[in-house]
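Undergrad: Here you go, this is final_26.tsv (TSV, C-alpha atoms).
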chain	number	residue	atom	x	y	z
A	1	MET	CA	106.42	79.38	113.14
A	2	LEU	CA	107.31	79.53	109.45
A	3	ILE	CA	104.81	81.85	107.74
A	4	GLY	CA	104.45	82.11	103.96
A	5	VAL	CA	103.00	85.01	101.99
A	6	PRO	CA	102.39	84.25	98.30
A	7	LYS	CA	101.82	86.70	95.49
A	8	GLU	CA	98.12	87.00	94.68
A	9	ILE	CA	97.34	85.66	91.22
A	10	LYS	CA	93.65	86.51	90.83
A	11	ASN	CA	92.96	88.88	87.92
A	12	HIS	CA	94.19	92.39	88.77
A	13	GLU	CA	94.66	91.51	92.43
A	14	TYR	CA	97.59	93.46	93.86
A	15	ARG	CA	96.84	93.27	97.56
A	16	ILE	CA	99.17	91.25	99.75
A	17	GLY	CA	98.48	89.48	103.03
A	18	CYS	CA	101.41	91.01	104.93
A	19	THR	CA	102.99	94.48	104.86
A	20	PRO	CA	106.68	95.09	105.68
A	21	THR	CA	105.58	96.52	109.04
A	22	MET	CA	103.61	93.36	109.83
A	23	ALA	CA	106.53	91.18	108.71
A	24	MET	CA	108.84	93.05	111.06
A	25	GLY	CA	106.45	92.49	113.95
A	26	LEU	CA	106.26	88.77	113.26
A	27	VAL	CA	110.05	88.45	113.00
A	28	GLU	CA	110.51	90.39	116.23
A	29	ASN	CA	108.21	87.87	117.89
A	30	GLY	CA	110.44	84.99	116.83
A	31	HIS	CA	108.76	83.84	113.63
A	32	GLN	CA	110.18	83.33	110.15
A	33	VAL	CA	108.45	85.01	107.21
A	34	LEU	CA	108.73	83.97	103.56
A	35	ILE	CA	107.58	86.50	100.94
A	36	GLU	CA	107.24	85.54	97.29
A	37	THR	CA	109.34	87.91	95.21
A	38	LYS	CA	107.56	91.01	93.93
A	39	ALA	CA	104.39	90.07	95.84
A	40	GLY	CA	103.88	93.66	97.01
A	41	ALA	CA	105.77	95.52	94.28
A	42	ARG	CA	102.77	96.97	92.48
A	43	ILE	CA	101.60	98.79	95.62
A	44	GLY	CA	105.03	100.04	96.65
A	45	PHE	CA	106.13	97.27	99.03
A	46	THR	CA	109.45	96.18	97.53
A	47	ASP	CA	111.46	93.03	98.18
A	48	GLU	CA	114.11	95.20	99.81
A	49	MET	CA	111.56	96.59	102.27
A	50	TYR	CA	110.66	93.05	103.29
A	51	ARG	CA	114.31	92.05	103.59
A	52	SER	CA	114.92	95.07	105.79
A	53	ALA	CA	112.01	93.92	107.96
A	54	GLY	CA	113.72	90.55	108.45
A	55	ALA	CA	111.69	88.48	105.97
A	56	LYS	CA	113.20	86.08	103.45
A	57	ILE	CA	112.39	86.58	99.76
A	58	VAL	CA	111.75	83.39	97.78
A	59	ASN	CA	111.30	82.98	94.06
A	60	THR	CA	108.45	80.51	93.65
A	61	PRO	CA	104.99	79.80	95.07
A	62	ALA	CA	106.14	76.26	95.89
A	63	GLU	CA	108.75	77.64	98.30
A	64	VAL	CA	106.15	79.82	100.00
A	65	TYR	CA	103.73	76.90	100.35
A	66	GLY	CA	106.38	74.99	102.26
A	67	ALA	CA	105.46	77.13	105.28
A	68	ASP	CA	103.36	76.07	108.28
A	69	MET	CA	100.90	78.93	107.79
A	70	ILE	CA	99.90	80.72	104.61
A	71	ILE	CA	98.62	84.29	104.87
A	72	LYS	CA	96.75	85.47	101.80
A	73	VAL	CA	94.07	87.95	100.81
A	74	LYS	CA	91.90	86.11	98.28
A	75	GLU	CA	91.00	82.44	98.19
A	76	PRO	CA	93.50	80.03	96.62
A	77	GLN	CA	93.26	79.72	92.86
A	78	PRO	CA	93.21	76.32	91.08
A	79	SER	CA	96.93	76.44	90.30
A	80	GLU	CA	97.63	76.73	94.03
A	81	TYR	CA	95.52	73.79	95.20
A	82	GLU	CA	98.19	71.13	94.79
A	83	LEU	CA	100.76	73.29	96.61
A	84	MET	CA	98.85	73.06	99.87
A	85	LYS	CA	99.53	70.24	102.32
A	86	GLU	CA	97.82	68.42	105.13
A	87	GLY	CA	97.64	70.35	108.39
A	88	GLN	CA	98.77	73.61	106.79
A	89	ILE	CA	97.04	76.70	108.17
A	90	LEU	CA	95.37	78.79	105.49
A	91	PHE	CA	94.34	82.22	106.79
A	92	CYS	CA	92.57	84.37	104.20
A	93	TYR	CA	89.18	85.14	102.67
A	94	LEU	CA	87.65	81.85	101.51
A	95	HIS	CA	83.97	82.49	100.60
A	96	LEU	CA	83.33	78.75	100.31
A	97	ALA	CA	79.53	78.63	100.14
A	98	PRO	CA	79.28	79.61	96.46
A	99	ASP	CA	82.52	77.81	95.50
A	100	PRO	CA	82.23	74.00	95.49
A	101	GLN	CA	85.46	73.55	93.50
A	102	GLN	CA	87.58	75.35	96.07
A	103	THR	CA	85.84	73.62	98.96
A	104	GLU	CA	86.50	70.22	97.45
A	105	ALA	CA	90.16	71.11	96.92
A	106	LEU	CA	90.70	72.33	100.49
A	107	LEU	CA	89.06	69.20	101.86
A	108	LYS	CA	91.20	67.00	99.61
A	109	GLN	CA	94.40	68.75	100.75
A	110	LYS	CA	93.23	68.52	104.40
A	111	VAL	CA	94.25	72.07	105.26
A	112	VAL	CA	93.16	74.04	108.32
A	113	GLY	CA	91.16	76.81	106.63
A	114	ILE	CA	90.40	79.84	108.79
A	115	ALA	CA	88.30	82.35	106.85
A	116	TYR	CA	88.64	86.07	107.56
A	117	GLU	CA	84.97	86.60	106.72
A	118	THR	CA	83.56	84.41	109.51
A	119	VAL	CA	85.77	85.46	112.43
A	120	THR	CA	83.59	87.38	114.91
A	121	ASP	CA	84.00	89.71	117.89
A	122	ASP	CA	82.21	90.29	121.20
A	123	LEU	CA	79.51	92.40	119.53
A	124	GLY	CA	78.79	89.85	116.82
A	125	ARG	CA	80.59	91.87	114.17
A	126	LEU	CA	83.04	90.58	111.54
A	127	PRO	CA	86.27	92.46	112.33
A	128	LEU	CA	88.35	90.97	109.49
A	129	LEU	CA	85.66	91.54	106.89
A	130	ALA	CA	84.78	95.07	108.00
A	131	PRO	CA	87.83	96.88	106.50
A	132	MET	CA	87.17	95.42	103.05
A	133	SER	CA	83.44	96.04	103.42
A	134	GLU	CA	84.12	99.69	104.14
A	135	ILE	CA	86.30	99.98	101.06
A	136	ALA	CA	83.93	97.97	98.84
A	137	GLY	CA	81.00	100.13	99.92
A	138	ARG	CA	82.83	103.29	98.94
A	139	ILE	CA	84.16	101.84	95.69
A	140	SER	CA	80.67	100.65	94.74
A	141	VAL	CA	79.49	104.24	94.41
A	142	GLN	CA	82.58	105.32	92.47
A	143	ALA	CA	82.14	102.35	90.12
A	144	GLY	CA	78.41	102.97	89.83
A	145	ALA	CA	78.90	106.65	89.04
A	146	ALA	CA	81.40	105.80	86.31
A	147	SER	CA	79.13	103.07	84.90
A	148	LEU	CA	76.27	105.59	84.60
A	149	GLN	CA	78.31	107.56	82.07
A	150	MET	CA	77.22	107.17	78.44
A	151	ALA	CA	80.62	105.92	77.29
A	152	ASN	CA	80.32	103.01	79.74
A	153	GLY	CA	76.81	101.99	78.70
A	154	GLY	CA	74.95	104.01	81.32
A	155	ARG	CA	72.04	106.37	80.95
A	156	GLY	CA	74.10	109.53	81.28
A	157	VAL	CA	73.03	110.60	84.74
A	158	LEU	CA	75.30	112.56	87.10
A	159	LEU	CA	74.86	111.32	90.67
A	160	GLY	CA	74.61	114.78	92.21
A	161	GLY	CA	72.76	116.47	89.38
A	162	VAL	CA	73.33	120.21	88.91
A	163	PRO	CA	71.29	123.27	89.85
A	164	GLY	CA	67.93	122.95	88.14
A	165	VAL	CA	68.32	119.20	87.49
A	166	LEU	CA	67.36	116.42	89.89
A	167	PRO	CA	70.14	114.18	91.28
A	168	ALA	CA	70.33	110.47	90.57
A	169	GLU	CA	68.15	108.04	92.51
A	170	VAL	CA	70.34	105.54	94.36
A	171	VAL	CA	68.95	102.46	96.12
A	172	VAL	CA	71.14	100.55	98.56
A	173	ILE	CA	69.92	97.08	99.55
A	174	GLY	CA	71.39	96.24	102.96
A	175	GLY	CA	72.15	98.50	105.91
A	176	GLY	CA	75.34	96.85	107.17
A	177	VAL	CA	78.91	98.09	106.78
A	178	VAL	CA	78.92	97.98	102.96
A	179	GLY	CA	75.50	99.58	102.62
A	180	THR	CA	76.22	102.33	105.13
A	181	GLN	CA	79.49	103.25	103.45
A	182	ALA	CA	77.83	103.22	100.03
A	183	ALA	CA	74.98	105.43	101.24
A	184	MET	CA	77.43	107.85	102.84
A	185	MET	CA	79.45	108.16	99.63
A	186	ALA	CA	76.37	108.56	97.44
A	187	MET	CA	74.94	111.25	99.71
A	188	GLY	CA	78.33	112.96	99.73
A	189	LEU	CA	78.09	113.22	95.95
A	190	GLY	CA	74.63	114.72	96.23
A	191	ALA	CA	72.50	111.74	95.18
A	192	ASP	CA	68.97	111.01	96.38
A	193	VAL	CA	69.60	107.86	98.47
A	194	THR	CA	67.26	105.23	99.88
A	195	ILE	CA	68.56	102.32	101.98
A	196	LEU	CA	66.61	99.09	102.57
A	197	ASP	CA	66.98	96.61	105.39
A	198	LYS	CA	64.82	94.18	107.39
A	199	ASN	CA	66.38	95.18	110.70
A	200	LEU	CA	64.22	97.98	112.10
A	201	ALA	CA	66.72	98.75	114.84
A	202	ARG	CA	69.38	99.33	112.20
A	203	LEU	CA	67.05	101.53	110.16
A	204	ARG	CA	66.38	103.63	113.27
A	205	GLU	CA	70.12	104.00	113.83
A	206	LEU	CA	70.66	105.13	110.24
A	207	ASP	CA	67.72	107.52	110.39
A	208	ALA	CA	69.07	109.11	113.56
A	209	LEU	CA	72.64	109.18	112.24
A	210	TYR	CA	71.78	111.06	109.06
A	211	ASN	CA	68.91	113.11	110.45
A	212	GLY	CA	66.54	112.65	107.55
A	213	ARG	CA	69.09	113.06	104.75
A	214	LEU	CA	68.95	109.33	104.12
A	215	LYS	CA	65.62	107.69	103.31
A	216	THR	CA	65.10	104.37	105.10
A	217	LEU	CA	62.61	101.67	104.13
A	218	PHE	CA	61.80	98.22	105.42
A	219	SER	CA	62.85	95.79	102.70
A	220	SER	CA	60.31	93.59	100.91
A	221	PRO	CA	60.06	92.22	97.35
A	222	GLN	CA	57.28	94.70	96.60
A	223	ILE	CA	59.29	97.70	97.82
A	224	ILE	CA	62.38	96.55	95.91
A	225	LYS	CA	60.42	96.17	92.68
A	226	LYS	CA	58.78	99.58	93.08
A	227	LEU	CA	62.03	101.44	93.81
A	228	LEU	CA	64.05	99.71	91.11
A	229	SER	CA	61.49	100.63	88.44
A	230	HIS	CA	62.84	104.20	88.52
A	231	ALA	CA	66.29	103.89	90.15
A	232	ASP	CA	69.43	105.04	88.39
A	233	LEU	CA	71.92	103.09	90.54
A	234	VAL	CA	71.25	100.06	92.75
A	235	ILE	CA	73.87	98.65	95.11
A	236	GLY	CA	73.50	95.12	96.46
A	237	ALA	CA	75.08	95.02	99.90
A	238	VAL	CA	73.60	92.02	101.68
A	239	LEU	CA	75.50	89.42	103.69
A	240	VAL	CA	74.77	86.27	105.64
A	241	ALA	CA	78.16	85.49	107.18
A	242	GLY	CA	79.56	82.31	105.68
A	243	ALA	CA	76.47	81.56	103.58
A	244	ARG	CA	75.56	82.21	99.98
A	245	ALA	CA	74.08	85.68	99.53
A	246	PRO	CA	70.26	85.70	99.34
A	247	MET	CA	68.78	86.37	95.90
A	248	LEU	CA	66.76	89.54	96.47
A	249	VAL	CA	66.16	90.92	92.97
A	250	ASP	CA	64.58	88.65	90.37
A	251	GLU	CA	64.98	88.93	86.63
A	252	SER	CA	61.53	90.41	86.04
A	253	THR	CA	62.43	93.31	88.35
A	254	ILE	CA	65.67	93.90	86.47
A	255	LYS	CA	63.73	93.93	83.18
A	256	SER	CA	61.55	96.70	84.61
A	257	MET	CA	64.50	98.99	85.38
A	258	PRO	CA	65.24	102.07	83.24
A	259	SER	CA	67.43	101.50	80.21
A	260	GLY	CA	71.03	102.38	81.10
A	261	SER	CA	70.55	102.06	84.86
A	262	VAL	CA	73.30	100.33	86.85
A	263	LEU	CA	73.50	97.42	89.28
A	264	VAL	CA	76.59	97.03	91.50
A	265	ASP	CA	76.62	93.65	93.25
A	266	VAL	CA	79.01	93.87	96.20
A	267	SER	CA	77.66	90.49	97.36
A	268	ILE	CA	79.04	88.74	94.28
A	269	ASP	CA	81.91	87.05	96.16
A	270	GLN	CA	79.21	85.19	98.11
A	271	GLY	CA	77.20	84.36	94.99
A	272	GLY	CA	75.46	87.69	94.34
A	273	CYS	CA	72.03	89.07	95.22
A	274	PHE	CA	70.74	89.90	91.71
A	275	ALA	CA	69.32	87.13	89.50
A	276	THR	CA	71.43	88.23	86.53
A	277	SER	CA	74.73	88.62	88.41
A	278	LYS	CA	77.90	86.76	87.45
A	279	PRO	CA	81.45	87.44	88.65
A	280	THR	CA	83.56	89.86	86.61
A	281	THR	CA	87.12	91.18	86.92
A	282	HIS	CA	88.77	94.58	87.13
A	283	GLN	CA	90.02	93.94	83.59
A	284	ASP	CA	86.48	93.51	82.24
A	285	PRO	CA	84.21	94.76	85.04
A	286	THR	CA	80.80	95.24	83.42
A	287	TYR	CA	78.28	93.60	81.13
A	288	ILE	CA	74.72	94.46	80.09
A	289	VAL	CA	71.56	92.40	80.59
A	290	HIS	CA	68.10	93.78	79.74
A	291	ASP	CA	69.75	97.16	79.00
A	292	VAL	CA	70.99	97.34	82.61
A	293	VAL	CA	74.72	97.71	83.27
A	294	HIS	CA	76.02	95.14	85.77
A	295	TYR	CA	79.22	95.77	87.75
A	296	CYS	CA	80.04	92.50	89.55
A	297	VAL	CA	83.77	92.51	90.31
A	298	ALA	CA	84.46	89.82	92.90
A	299	ASN	CA	87.41	91.62	94.50
A	300	MET	CA	86.31	95.26	94.49
A	301	PRO	CA	88.75	96.44	97.21
A	302	GLY	CA	91.59	95.29	94.96
A	303	ALA	CA	90.98	98.43	92.91
A	304	CYS	CA	92.56	100.39	95.77
A	305	ALA	CA	95.05	97.71	96.70
A	306	ARG	CA	97.48	99.77	98.77
A	307	THR	CA	94.79	101.25	101.01
A	308	ALA	CA	93.05	97.88	101.23
A	309	THR	CA	96.23	96.02	102.17
A	310	GLN	CA	97.03	98.45	104.95
A	311	ALA	CA	93.47	98.35	106.29
A	312	LEU	CA	93.29	94.56	106.15
A	313	THR	CA	96.63	93.86	107.81
A	314	ASN	CA	95.84	96.33	110.60
A	315	ALA	CA	92.96	93.99	111.44
A	316	THR	CA	94.56	90.60	110.78
A	317	TYR	CA	97.94	91.10	112.47
A	318	PRO	CA	96.82	90.34	116.07
A	319	TYR	CA	95.19	87.10	114.90
A	320	VAL	CA	98.24	86.03	112.89
A	321	LEU	CA	100.41	86.72	115.94
A	322	LYS	CA	98.08	84.67	118.14
A	323	ILE	CA	97.95	81.67	115.79
A	324	ALA	CA	101.69	81.73	115.18
A	325	GLY	CA	102.54	82.20	118.83
A	326	GLU	CA	100.19	79.63	120.35
A	327	GLY	CA	99.76	77.17	117.47
A	328	TYR	CA	96.40	76.87	115.78
A	329	GLU	CA	94.92	74.35	118.21
A	330	ALA	CA	95.54	76.43	121.31
A	331	ALA	CA	94.63	79.66	119.53
A	332	LEU	CA	91.31	78.28	118.31
A	333	ARG	CA	90.40	76.71	121.62
A	334	SER	CA	91.20	79.85	123.59
A	335	ASP	CA	89.21	82.17	121.31
A	336	ALA	CA	85.62	81.31	120.38
A	337	HIS	CA	85.55	84.15	117.86
A	338	LEU	CA	88.58	82.80	116.01
A	339	MET	CA	87.06	79.31	116.19
A	340	ARG	CA	84.07	80.64	114.21
A	341	GLY	CA	86.51	81.42	111.44
A	342	LEU	CA	87.37	77.74	111.04
A	343	ASN	CA	85.58	76.62	107.87
A	344	VAL	CA	87.46	73.43	106.99
A	345	TYR	CA	89.64	71.24	109.18
A	346	ARG	CA	91.75	68.36	107.86
A	347	GLY	CA	89.14	67.12	105.40
A	348	LEU	CA	86.04	68.10	107.39
A	349	VAL	CA	83.61	71.01	106.92
A	350	THR	CA	83.37	72.95	110.18
A	351	ASN	CA	81.06	75.77	109.13
A	352	GLN	CA	77.35	74.92	109.34
A	353	LEU	CA	76.26	77.24	106.51
A	354	VAL	CA	78.92	75.99	104.10
A	355	ALA	CA	77.96	72.41	104.89
A	356	ASN	CA	74.28	73.15	104.33
A	357	GLU	CA	74.88	75.00	101.06
A	358	LEU	CA	77.22	72.43	99.51
A	359	GLY	CA	75.77	69.23	100.95
A	360	TYR	CA	78.58	68.19	103.27
A	361	GLU	CA	78.31	66.68	106.72
A	362	TYR	CA	78.85	69.36	109.36
A	363	HIS	CA	81.41	68.80	112.11
A	364	ALA	CA	81.34	71.17	115.09
A	365	PRO	CA	84.81	72.76	115.23
A	366	GLY	CA	85.08	72.42	118.99
A	367	ALA	CA	84.58	68.67	118.67
A	368	VAL	CA	87.29	68.05	116.08
A	369	VAL	CA	90.13	70.53	116.66
A	370	GLY	CA	93.08	68.71	118.13
A	371	THR	CA	91.74	65.22	117.42
A	372	MET	CA	93.85	64.50	114.35
A	373	ALA	CA	97.60	63.85	114.32
A	374	PRO	CA	100.18	64.63	113.20
A	375	ARG	CA	100.02	68.35	113.78
A	376	MET	CA	101.95	71.02	111.89
A	377	ALA	CA	101.62	73.73	114.52
Output the structure of this file as structure tokens.

TA:
Amino acid sequence: MLIGVPKEIKNHEYRIGCTPTMAMGLVENGHQVLIETKAGARIGFTDEMYRSAGAKIVNTPAEVYGADMIIKVKEPQPSEYELMKEGQILFCYLHLAPDPQQTEALLKQKVVGIAYETVTDDLGRLPLLAPMSEIAGRISVQAGAASLQMANGGRGVLLGGVPGVLPAEVVVIGGGVVGTQAAMMAMGLGADVTILDKNLARLRELDALYNGRLKTLFSSPQIIKKLLSHADLVIGAVLVAGARAPMLVDESTIKSMPSGSVLVDVSIDQGGCFATSKPTTHQDPTYIVHDVVHYCVANMPGACARTATQALTNATYPYVLKIAGEGYEAALRSDAHLMRGLNVYRGLVTNQLVANELGYEYHAPGAVVGTMAPRMA
């Protein structure tokens, strides 16, 4: 199969969907790999490294999008929509539920869109989202700590305090991968950390894991409002796979927070979980509403792009190899977990939550895959 890897063009996005090591593996398995020139240069993956791995370097996005399968990190940007073609496999993060413009474009181009964030495994986990969730959870605390500094609009609180001075109060909403990593980092810096979730089994696991160092509370609007009235840093880490993030913190609660406190919305790429959230970029990451600093960067792992690229491709490589080796129809039909990643298929919405959120008719993926010709792979 001919596989294309474009340069990411989202603001300050330097990750790449394929490392030289991954490219070598694909070539050794009989596939051709096109890499847009300088796509990995900012994180130390040079064109020469890709050439040495057997990939071909091309100069334009249009050449890359001539491939049968496109491997990316972030969702296609508007300038890329017209480059896509019918039956082309698009394998990347899509986050369609809060993005009607992108969804409309992918349906118009009739691509086969397999979203990293909805592929599952035997335990119901999200193996292609987990690496970025781990990184985003850790970055959220680093970003929150920096935002608490006076020069960045914060209230001047050090997360770990110092002898004789209380540490910062950190509230983490959501006990999944992001929330656990955020709590771990905040505790490591010496903060007073409380994590909220509605899953009692998960709260028991966290309580046992951290042996009382981490406070756990069952989440409710009343508990959220009470905790946020005196929190220094709040991290939104909630996820409903494939769906828009639930709005858990209303504007009146945000108004009640201490002046200079900080919200970090890791859920922003799925629409955000704070009423006052809006997407920001690494170039301009924060804004202030009701004297509360908001950090809402929609591609947080991009801040540590080299680490993130290596972690992501470790997870995606077996799936890319499967799709390329078997063709998407056979690969999807032989793997129910990969099939759950199929969000759009040749002009049809094949993810129930995306269809519900955006008002499209839902088509069960198992009923439509393989029913439309001609096929690209």

Undergrad: Using all atoms listed in the file, can you list as a tab-separated table (two decimals) with C-alpha atoms, in the coordinates of the input the residues within 12 Å of (80.8, 90.2, 113.4)?

TA:
chain	number	residue	atom	x	y	z
A	116	TYR	CA	88.64	86.07	107.56
A	117	GLU	CA	84.97	86.60	106.72
A	118	THR	CA	83.56	84.41	109.51
A	119	VAL	CA	85.77	85.46	112.43
A	120	THR	CA	83.59	87.38	114.91
A	121	ASP	CA	84.00	89.71	117.89
A	122	ASP	CA	82.21	90.29	121.20
A	123	LEU	CA	79.51	92.40	119.53
A	124	GLY	CA	78.79	89.85	116.82
A	125	ARG	CA	80.59	91.87	114.17
A	126	LEU	CA	83.04	90.58	111.54
A	127	PRO	CA	86.27	92.46	112.33
A	128	LEU	CA	88.35	90.97	109.49
A	129	LEU	CA	85.66	91.54	106.89
A	130	ALA	CA	84.78	95.07	108.00
A	131	PRO	CA	87.83	96.88	106.50
A	133	SER	CA	83.44	96.04	103.42
A	176	GLY	CA	75.34	96.85	107.17
A	177	VAL	CA	78.91	98.09	106.78
A	239	LEU	CA	75.50	89.42	103.69
A	240	VAL	CA	74.77	86.27	105.64
A	241	ALA	CA	78.16	85.49	107.18
A	242	GLY	CA	79.56	82.31	105.68
A	337	HIS	CA	85.55	84.15	117.86
A	338	LEU	CA	88.58	82.80	116.01
A	340	ARG	CA	84.07	80.64	114.21
A	341	GLY	CA	86.51	81.42	111.44

Undergrad: Given only C-alpha atoms as the basis, pick out the residue of A:Ala41, A:Leu166, A:Ala330, A:Ala67 nearest to Ile3 in chain A.

TA: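 Closest candidate: A:Ala67.
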
Undergrad: Would you mind listing what lies within 6 Å of range 85-98 of chain A as a ChimeraX atom specification, with all atoms listed in the file counted and same-chain residues fewer than 2 positions away left out?

TA: /A:68-75,103,109-116,243-244,270-271,354,357,376

Undergrad: Can you pull out the residues contacting Ala305 in chain A? Cut-off 12 Å, using all atoms listed in the file, and skip same-chain residues under 2 positions away; I want them as number ranges by chain.

TA: A: 8, 12-17, 19, 40-45, 73, 132, 135-136, 139, 282, 299-303, 307-313

Undergrad: Tell me, counting all atoms listed in the file, for each residue of range 205-282 of chain A within 12 Å of range 143-149 of chain A, which pair of atoms is nearest and how far apart they are in Å to one decimal, in rows ordered by chain and increasing number, as a tab-separated table.

TA:
residue	atom	partner	partner_atom	distance
A:Ala231	CA	A:Leu148	CA	11.5
A:Asp232	CA	A:Leu148	CA	7.8
A:Leu233	CA	A:Gly144	CA	6.5
A:Val234	CA	A:Gly144	CA	8.3
A:Ile235	CA	A:Gly144	CA	8.2
A:Gly236	CA	A:Gly144	CA	11.4
A:Pro258	CA	A:Leu148	CA	11.7
A:Ser259	CA	A:Leu148	CA	10.7
A:Gly260	CA	A:Leu148	CA	7.1
A:Ser261	CA	A:Leu148	CA	6.7
A:Val262	CA	A:Leu148	CA	6.4
A:Leu263	CA	A:Gly144	CA	7.4
A:Val264	CA	A:Gly144	CA	6.4
A:Asp265	CA	A:Gly144	CA	10.1
A:Val266	CA	A:Ala143	CA	10.9
A:His282	CA	A:Ala143	CA	10.6

Undergrad: Between A:Ile224, A:Val320, A:Val64, A:Lys108, which has the minimum distance to Asn29 in chain A (counting all atoms listed in the file)?

TA: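 Nearest candidate to Asn29 in chain A out of A:Ile224, A:Val320, A:Val64, A:Lys108: A:Val320.
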
Undergrad: Within 10 Å of Asp284 in chain A, counting all atoms listed in the file, which residues show up once you throw out same-chain ones fewer than 2 positions away? Write them as JSON, numbers by chain, please.

TA: {"A": [11, 280, 281, 282, 286, 287, 295, 296, 297]}

Undergrad: Find the axis-aligned box for range 96-104 of chain A, covering all its listed atoms and adding 6 Å on each side, and write its centre and edge lengths in Å to one decimal as AutoDock Vina command-line options.

TA:
--center_x 83.4 --center_y 74.9 --center_z 96.9 --size_x 20.3 --size_y 21.4 --size_z 18.8

Undergrad: Would you compute the distance between CA of Pro365 in chain A and CA of Gln102 in chain A? Give it in Å to one decimal.

TA: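 Computing it gives 19.5 Å between the two atoms.
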
Undergrad: Compile the contact shell of range 20-25 of chain A as a list in words: residues with an atom at most 9 Å away, counting all atoms listed in the file, same-chain residues fewer than 4 positions apart removed.

TA: Asn29, Gly30, His31, Gln32, Val33, Phe45, Thr46, Met49, Tyr50, Arg51, Ser52, Ala53, Gly54, Ala55, Thr313, Asn314, Tyr317 and Leu321 of chain A

Undergrad: Report the distance between CA of His363 in chain A and CA of Met339 in chain A in Å, rounded to one decimal place.

TA: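 Between these atoms lies a distance of 12.6 Å.
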
Undergrad: With distances taken over all atoms listed in the file, which of A:Gly179, A:Cys273, A:Thr371, A:Leu158 is nearest to Leu206 in chain A?

TA: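 Answer, going by the shortest atom-to-atom distance: A:Gly179.
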
Undergrad: Of the candidates A:Gly175, A:Ser219, A:Asn152, A:Leu26, which shows the shortest atom-to-atom distance to Lys322 in chain A, using only C-alpha atoms?

TA: A:Leu26

Undergrad: Please compute the CA of Lys226 in chain A-CA of Met184 in chain A distance, one decimal, in Å.

TA: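 One can read the CA of Lys226 in chain A to CA of Met184 in chain A distance as 22.6 Å.
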
Undergrad: Compare A:Thr253, A:Thr60, A:Ser334, A:Gln77 by their minimum atom-to-atom distance to Glu36 in chain A, counting all atoms listed in the file, and give me the closest one.

TA: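 Distance minimum relative to Glu36 in chain A lands on A:Thr60.
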
Undergrad: Would you be able to write out as a PyMOL selection string which residues have an atom within 9 Å of (87.9, 75.5, 91.7) in the file's coordinates, counting only C-alpha atoms?

TA: chain A and resi 76-78+81+99-105

Undergrad: Find the residue from A:Ala237, A:Val293, A:Val369, A:Cys18 that sits nearest to Ile254 in chain A; use all atoms listed in the file when measuring.

TA: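 Among A:Ala237, A:Val293, A:Val369, A:Cys18, it is A:Val293 that comes nearest to Ile254 in chain A.
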